[in-house]
Amino acid sequence: MIDMTETQPIFGNTVPSSMAQVGIITKYTFLDYFRSRRFFVLLIITVLIGALLTALVYFRPEAFTSSSLSPYAFYSTWWGNSINFVIILSGIFFGGDAISGEFQNKTGYFGIPNPIRRSSIYVGKWVGAFIAASLMFLVFTGITVGNGLAHGSGIPFQFVESFIFAWFYLAAVLGVTFFFSSLFKSSSISILVTVILFLFVFNLLGSLVLPLIQVEPWFIITYGAGIIGNVLQVPYPQHETVLNAGPRGGFSLSTFNSTVPEGLVIIAIYFIVTAVLGLLFFERKEFT
Amino acid sequence: MVVVSNPSVEAVNLSKKFGVFVAVSNLNLKIEGSKCVGFLGPNGAGKTTTLKMFTDLIRPSSGQALINGINVHTEKKKALASVGTLIETPEIYPSLTPREGLTMIAEIRGVPASERKKRIEEAVADVRMQEWMDKRVGKFSKGMKQRICIASALLSNPSILLLDEPTTGLDPRGMSEVRDIVKSLKSKKRLIFMSSHLLSEVSDVCDEVAMIDHGKLIVYDTIPNVTAKFSGGGNAVEVGLQHAIDEALLANTIARFPDVMGAEKKDAKTLIIKFSGGLDVQERLLDDLVRLNIGVVSFKPTSSELEDAYLKLIKDTL
Ligand SMILES: Nc1ncnc2c1ncn2[C@@H]1O[C@H](COP(=O)(O)OP(=O)(O)OP(=O)(O)O)[C@@H](O)[C@H]1O
Ligand SMILES: [Mg+2]
């Protein structure tokens with residue numbers, strides 16, 4: 001039996017600060033990812049993508065260098081084409097059901113009725129997911145750089161820039177996935193919405209619909225994330241390229257590329273807005 | 001450190017609506033002191049809904065849920081600092097072990113690092129789950145999870161416990177062990193507010209009952225008062241004795257105590273004494289019995305009367 005025989009009724013304990021509690025939630029979120037297969041499944045997928053690209057570079061090195069005039073052609077082709085996918089995959093794996101799972105799996109009933117703010121739980125889980133996703137990101141970066149060095153491309157400054165942008169983008173993608181997981185009570189719906197949005201809707205809008213109506217897709221996060229690949233191109237792609245197509249110049253198409261400041265602002269705004277809204281939704285959501 | 005001399009749980013005009021449906025309606029209830037209060041009511045009465053408002057799982061539509069005078073919704077961290085809870089059967093992250101899940105709770109609640117291991121082991125021993133301490137929770141049965149969750153409610157040595165049907169899902173031994181835990185907590189200056197459908201359990205461990213139906217409070221009083229007022233045939237207590245009782249003593253002395261309406265043997269060492277009146281009479285009766293030196297080892301209101309009162313109260317409002 002727990003000894004509760006103090007003569008003076010002193011109960012409970014000094015509850016840690018909210019900051020300290022965020023750290024505790026982070027630690028256990030990470031432990032959960034690590035323990036459940038989730039972490040390793042994604043690690044395997046990430047390594048497989050890296051291995052596939054490595055094999056491609058090994059057997060067809062010219063595919064990575066000849067197609068572009070850029071001195072960073074290797075990174076532009078390799079990293080520019082794959083990192084987006086790796087990031088979105090991490091976002092879905094670690095963020096897709098982070099909050100909705102608390103409701104659907106009823107784990108919230110274990111954690112919520114404790115002296116801890118809901119915001120501490122949200123932030124703690126986000127940080128845990130960010131650390132886990134960052135590890136994937138670093139693994140993939142490691143494979144990328146390894147190949148770059150092996151093929152004599154060194155580590156150009158532009159790649160370092162691109163790496164930082166990508167990491168920042170990873171944070172924002174997790175912000176968005178957390179937002180959706182906070183918005184919906186069902187994990188499968190929150191994951192599905194994220195997948196559809198990032199893999200289809202944003203791409204379709206950005207590369208098809210908006211160019212047709214010649215509107216700059218400044219409100220789409222993937223457009224902002226274009227800077228990750230663009231900084232690896234020499235020269236940096238034009239902000240707007242107008243193409244006249246069709247018989248007798250029938251219609252015009254505009255291809256847009258975000259500038260670096262523009263891209264950073266778009267990513268930052270997505271991050272901030274979804275973080276604030278996701279937190280608000282979580283604060284108001286009920287366990288019924 | 002939280003020093004609470006008089007723990008309290010208070011609902012002030014507390015209401016909860018789901019759309020147009022009113023699940024809890026203008027509940028006013030204040031319980032305080034070290035005691036155990038049973039929370040009774042039919043299915044769908046609003047018991048779980050009420051307890052959820054006291055634990056930040058849902059928000060009140062209006063009114064306030066106060067713990068030690070602190071509003072749970074606006075100052076959650078402070079209000080729940082010294083409250084152990086068990087609402088429905090929570091799930092622990094399935095990949096963690098009880099030790100890890102409970103360590104997380106202990107850390108969140110600020111159990112000092114030096115005491116954590118010992119407290120967790122004690123709490124897990126209390127619910128007889130030592131063997132499972134380092135196995136993953138994912139494959140546990142409902143009752144096993146319930147036990148771990150009870151351990152988590154006890155972990156931080158709380159002054160108040162809010163328990164929603166704590167014994168459902170447990171095997172008979174588990175039920176009786178949890179009842180013993182609750183009783184031992186009660187004797188140590190805890191305030192326990194516990195919903196239950198088991199009236200025998202409630203009359204066994206609780207001192208008072210609050211009954212609700214259709215989201216409205218029907219009665220809140222001590223068990224003897226409730227049974228005295230609402231069960232037809234007065235009150236009854238079951239008295240356990242260490243030795244067999246002398247028949248003559250029973251018929252000539254005990255049966256003739258003031259306010260006693262009847263005294264009979266249930267078996268050689270158990271008496272059922274019917275009396276009219278509330279707690280005062282009950283207290284005097286116990287006093288008188290003890291003075292007889294007949295080896296009184298237990299003394300408790302019988303459940304049948306609470307059931308009687310319950311059925312009457314709940315039927316009366318339909
Ligand atoms: N999310 C919800 N939406 C609509 N109605 C709800 C919701 N949650 C609960 N209710 C209703 O509120 C009422 C009270 O439910 P509650 O769970 O508090 O009852 P209870 O007293 O705990 O019942 P039981 O003894 O069966 O556990 C019920 O009529 C229930 O249908
Ligand atoms: Mg209930």
# chains A, B, ... in the order shown; residues from 1 in each chain; ligands from 1

call {"tool": "residues_near_ligand", "arguments": {"ligand": "ligand 1", "cutoff": "6 Å", "atoms": "only C-alpha atoms and all ligand atoms", "output": "JSON list (two decimals) with C-alpha atoms, in the first residue's frame"}}
result
[["chain", "number", "residue", "atom", "x", "y", "z"],
["A", 288, "THR", "CA", -17.23, 12.61, -25.78],
["B", 18, "PHE", "CA", -25.10, 18.43, -26.54],
["B", 23, "ALA", "CA", -27.19, 16.08, -20.39],
["B", 42, "PRO", "CA", -29.59, 5.41, -14.15],
["B", 43, "ASN", "CA", -27.81, 4.97, -17.49],
["B", 44, "GLY", "CA", -27.61, 8.25, -19.31],
["B", 45, "ALA", "CA", -28.30, 10.27, -16.16],
["B", 46, "GLY", "CA", -25.26, 12.46, -16.71],
["B", 47, "LYS", "CA", -22.75, 11.03, -14.25],
["B", 48, "THR", "CA", -19.89, 10.58, -16.68],
["B", 49, "THR", "CA", -20.69, 13.91, -18.30]]

call {"tool": "select_by_dssp", "arguments": {"residues": "region 53-266 of chain B", "states": "alpha helix (DSSP H)", "output": "ChimeraX atom specification"}}
result
/B:53,76-79,98-108,113-126,142-154,172-186,199-205,223-230,247-252

call {"tool": "closest_residue", "arguments": {"among": "A:Ile88, A:Leu174, A:Val231, A:Leu204", "to": "Leu42 (chain A)", "atoms": "only C-alpha atoms"}}
result
A:Ile88

call {"tool": "residues_around", "arguments": {"residues": "Trp167 (chain A)", "least_positions_apart": "6", "cutoff": "10 Å", "atoms": "only C-alpha atoms", "output": "PyMOL selection string"}}
result
chain A and resi 83+87+130+133-134+137-138+161+173+228

call {"tool": "write_last_selection", "arguments": {"atoms": "C-alpha atoms", "output": "PDB file, in the first residue's frame"}}
result
ATOM      1  CA  ILE A  83      13.186  15.751 -50.606  1.00  0.00           C
ATOM      2  CA  ILE A  87       9.264  15.525 -45.985  1.00  0.00           C
ATOM      3  CA  PHE A 130       9.664  17.167 -35.273  1.00  0.00           C
ATOM      4  CA  ALA A 133      10.917  13.538 -38.617  1.00  0.00           C
ATOM      5  CA  SER A 134      14.200  15.425 -38.430  1.00  0.00           C
ATOM      6  CA  PHE A 137      15.437  14.038 -42.806  1.00  0.00           C
ATOM      7  CA  LEU A 138      19.011  13.823 -41.597  1.00  0.00           C
ATOM      8  CA  GLU A 161      20.768  26.810 -48.196  1.00  0.00           C
ATOM      9  CA  VAL A 173       4.432  20.526 -42.969  1.00  0.00           C
ATOM     10  CA  ILE A 228      14.188  24.228 -51.981  1.00  0.00           C
TER      11      ILE A 228
END

call {"tool": "interface_residues", "arguments": {"of": "chain B", "to": "chain A", "cutoff": "6 Å", "atoms": "only C-alpha atoms", "output": "list in words"}}
result
Met1, Val2, Val3, Thr55, Leu57, Ile58, Lys77, Leu80, Ala81, Ser82, Pro90, Glu91, Ile92, Ser95, Ile108, Arg109, Gly110, Val111, Glu122, Asp126, Ser156, Asn157, Pro158 and Ser159 of chain B

call {"tool": "residues_around", "arguments": {"residues": "Gly95 (chain A)", "least_positions_apart": "5", "cutoff": "12 Å", "atoms": "only C-alpha atoms", "output": "number ranges by chain"}}
result
A: 29, 33, 38, 87-90, 100-101, 122-123, 125-133, 170-182, 187, 190-191, 194-195, 278

call {"tool": "atom_distance", "arguments": {"atom1": "CA of Leu199 (chain B)", "atom2": "CA of Glu307 (chain B)"}}
result
6.3 Å

call {"tool": "residues_around", "arguments": {"residues": "Ile31 (chain B)", "least_positions_apart": "3", "cutoff": "10 Å", "atoms": "only C-alpha atoms", "output": "PyMOL selection string"}}
result
chain B and resi 7-11+34-37+67+191-193+208+210+220-221

call {"tool": "residues_around", "arguments": {"residues": "region 129-135 of chain B", "least_positions_apart": "3", "cutoff": "7 Å", "atoms": "only C-alpha atoms", "output": "list of chain:residue names"}}
result
B:Thr97, B:Pro98, B:Arg99, B:Val124, B:Ala125

call {"tool": "select_by_dssp", "arguments": {"residues": "region 64-289 of chain B", "states": "strand (DSSP E)", "output": "PyMOL selection string"}}
result
chain B and resi 64-67+70-71+83-86+160-164+191-195+208-213+216-222+235-241+260-267+270-275

call {"tool": "closest_residue", "arguments": {"among": "B:Ser152, B:Thr168, B:Thr302, B:Asn26", "to": "ligand 2", "atoms": "only C-alpha atoms and all ligand atoms"}}
result
B:Thr168

call {"tool": "atom_distance", "arguments": {"atom1": "CA of Phe94 (chain A)", "atom2": "CA of Gly124 (chain A)"}}
result
12.8 Å

call {"tool": "atom_distance", "arguments": {"atom1": "CA of Leu162 (chain B)", "atom2": "CA of Val205 (chain B)"}}
result
14.4 Å

call {"tool": "closest_residue", "arguments": {"among": "B:Gly101, B:Pro224, B:Pro258, B:Gly63", "to": "Asn28 (chain B)", "atoms": "only C-alpha atoms"}}
result
B:Gly63

call {"tool": "closest_residue", "arguments": {"among": "A:Thr26, A:Thr77, A:Gln233, A:Ser186", "to": "Gln158 (chain A)", "atoms": "only C-alpha atoms"}}
result
A:Gln233

call {"tool": "decode", "arguments": {"residues": "region 46-66 of chain B", "atoms": "N, CA and C atoms", "output": "JSON list (two decimals), in the first residue's frame"}}
result
[["chain", "number", "residue", "atom", "x", "y", "z"],
["B", 46, "GLY", "N", -26.18, 11.32, -16.63],
["B", 46, "GLY", "CA", -25.26, 12.46, -16.71],
["B", 46, "GLY", "C", -24.09, 12.35, -15.75],
["B", 47, "LYS", "N", -23.84, 11.19, -15.21],
["B", 47, "LYS", "CA", -22.75, 11.03, -14.25],
["B", 47, "LYS", "C", -21.39, 11.22, -14.92],
["B", 48, "THR", "N", -21.17, 10.47, -15.99],
["B", 48, "THR", "CA", -19.89, 10.58, -16.68],
["B", 48, "THR", "C", -19.70, 11.99, -17.21],
["B", 49, "THR", "N", -20.77, 12.55, -17.77],
["B", 49, "THR", "CA", -20.69, 13.91, -18.30],
["B", 49, "THR", "C", -20.26, 14.89, -17.21],
["B", 50, "THR", "N", -20.83, 14.74, -16.02],
["B", 50, "THR", "CA", -20.46, 15.62, -14.91],
["B", 50, "THR", "C", -18.99, 15.45, -14.56],
["B", 51, "LEU", "N", -18.56, 14.20, -14.42],
["B", 51, "LEU", "CA", -17.17, 13.96, -14.03],
["B", 51, "LEU", "C", -16.20, 14.45, -15.11],
["B", 52, "LYS", "N", -16.62, 14.37, -16.37],
["B", 52, "LYS", "CA", -15.76, 14.87, -17.44],
["B", 52, "LYS", "C", -15.56, 16.38, -17.34],
["B", 53, "MET", "N", -16.59, 17.07, -16.87],
["B", 53, "MET", "CA", -16.43, 18.52, -16.73],
["B", 53, "MET", "C", -15.48, 18.87, -15.59],
["B", 54, "PHE", "N", -15.33, 17.96, -14.65],
["B", 54, "PHE", "CA", -14.40, 18.19, -13.55],
["B", 54, "PHE", "C", -12.97, 17.80, -13.91],
["B", 55, "THR", "N", -12.79, 17.25, -15.09],
["B", 55, "THR", "CA", -11.45, 16.78, -15.45],
["B", 55, "THR", "C", -10.97, 17.34, -16.79],
["B", 56, "ASP", "N", -11.63, 18.39, -17.28],
["B", 56, "ASP", "CA", -11.20, 19.05, -18.52],
["B", 56, "ASP", "C", -11.37, 18.18, -19.76],
["B", 57, "LEU", "N", -12.14, 17.13, -19.67],
["B", 57, "LEU", "CA", -12.37, 16.34, -20.87],
["B", 57, "LEU", "C", -13.45, 16.99, -21.73],
["B", 58, "ILE", "N", -14.41, 17.64, -21.09],
["B", 58, "ILE", "CA", -15.37, 18.46, -21.82],
["B", 58, "ILE", "C", -15.56, 19.78, -21.07],
["B", 59, "ARG", "N", -16.12, 20.74, -21.80],
["B", 59, "ARG", "CA", -16.33, 22.07, -21.23],
["B", 59, "ARG", "C", -17.78, 22.20, -20.76],
["B", 60, "PRO", "N", -18.00, 22.88, -19.66],
["B", 60, "PRO", "CA", -19.39, 23.14, -19.28],
["B", 60, "PRO", "C", -20.05, 24.08, -20.29],
["B", 61, "SER", "N", -21.34, 23.89, -20.56],
["B", 61, "SER", "CA", -22.05, 24.84, -21.41],
["B", 61, "SER", "C", -22.31, 26.11, -20.62],
["B", 62, "SER", "N", -22.58, 25.95, -19.33],
["B", 62, "SER", "CA", -22.67, 27.10, -18.44],
["B", 62, "SER", "C", -22.42, 26.61, -17.03],
["B", 63, "GLY", "N", -22.18, 27.56, -16.16],
["B", 63, "GLY", "CA", -21.87, 27.20, -14.78],
["B", 63, "GLY", "C", -20.40, 26.82, -14.62],
["B", 64, "GLN", "N", -20.06, 26.40, -13.41],
["B", 64, "GLN", "CA", -18.65, 26.14, -13.12],
["B", 64, "GLN", "C", -18.44, 24.81, -12.42],
["B", 65, "ALA", "N", -17.32, 24.20, -12.73],
["B", 65, "ALA", "CA", -16.88, 23.03, -11.99],
["B", 65, "ALA", "C", -15.67, 23.47, -11.18],
["B", 66, "LEU", "N", -15.79, 23.43, -9.87],
["B", 66, "LEU", "CA", -14.72, 23.92, -9.01],
["B", 66, "LEU", "C", -14.12, 22.78, -8.19]]
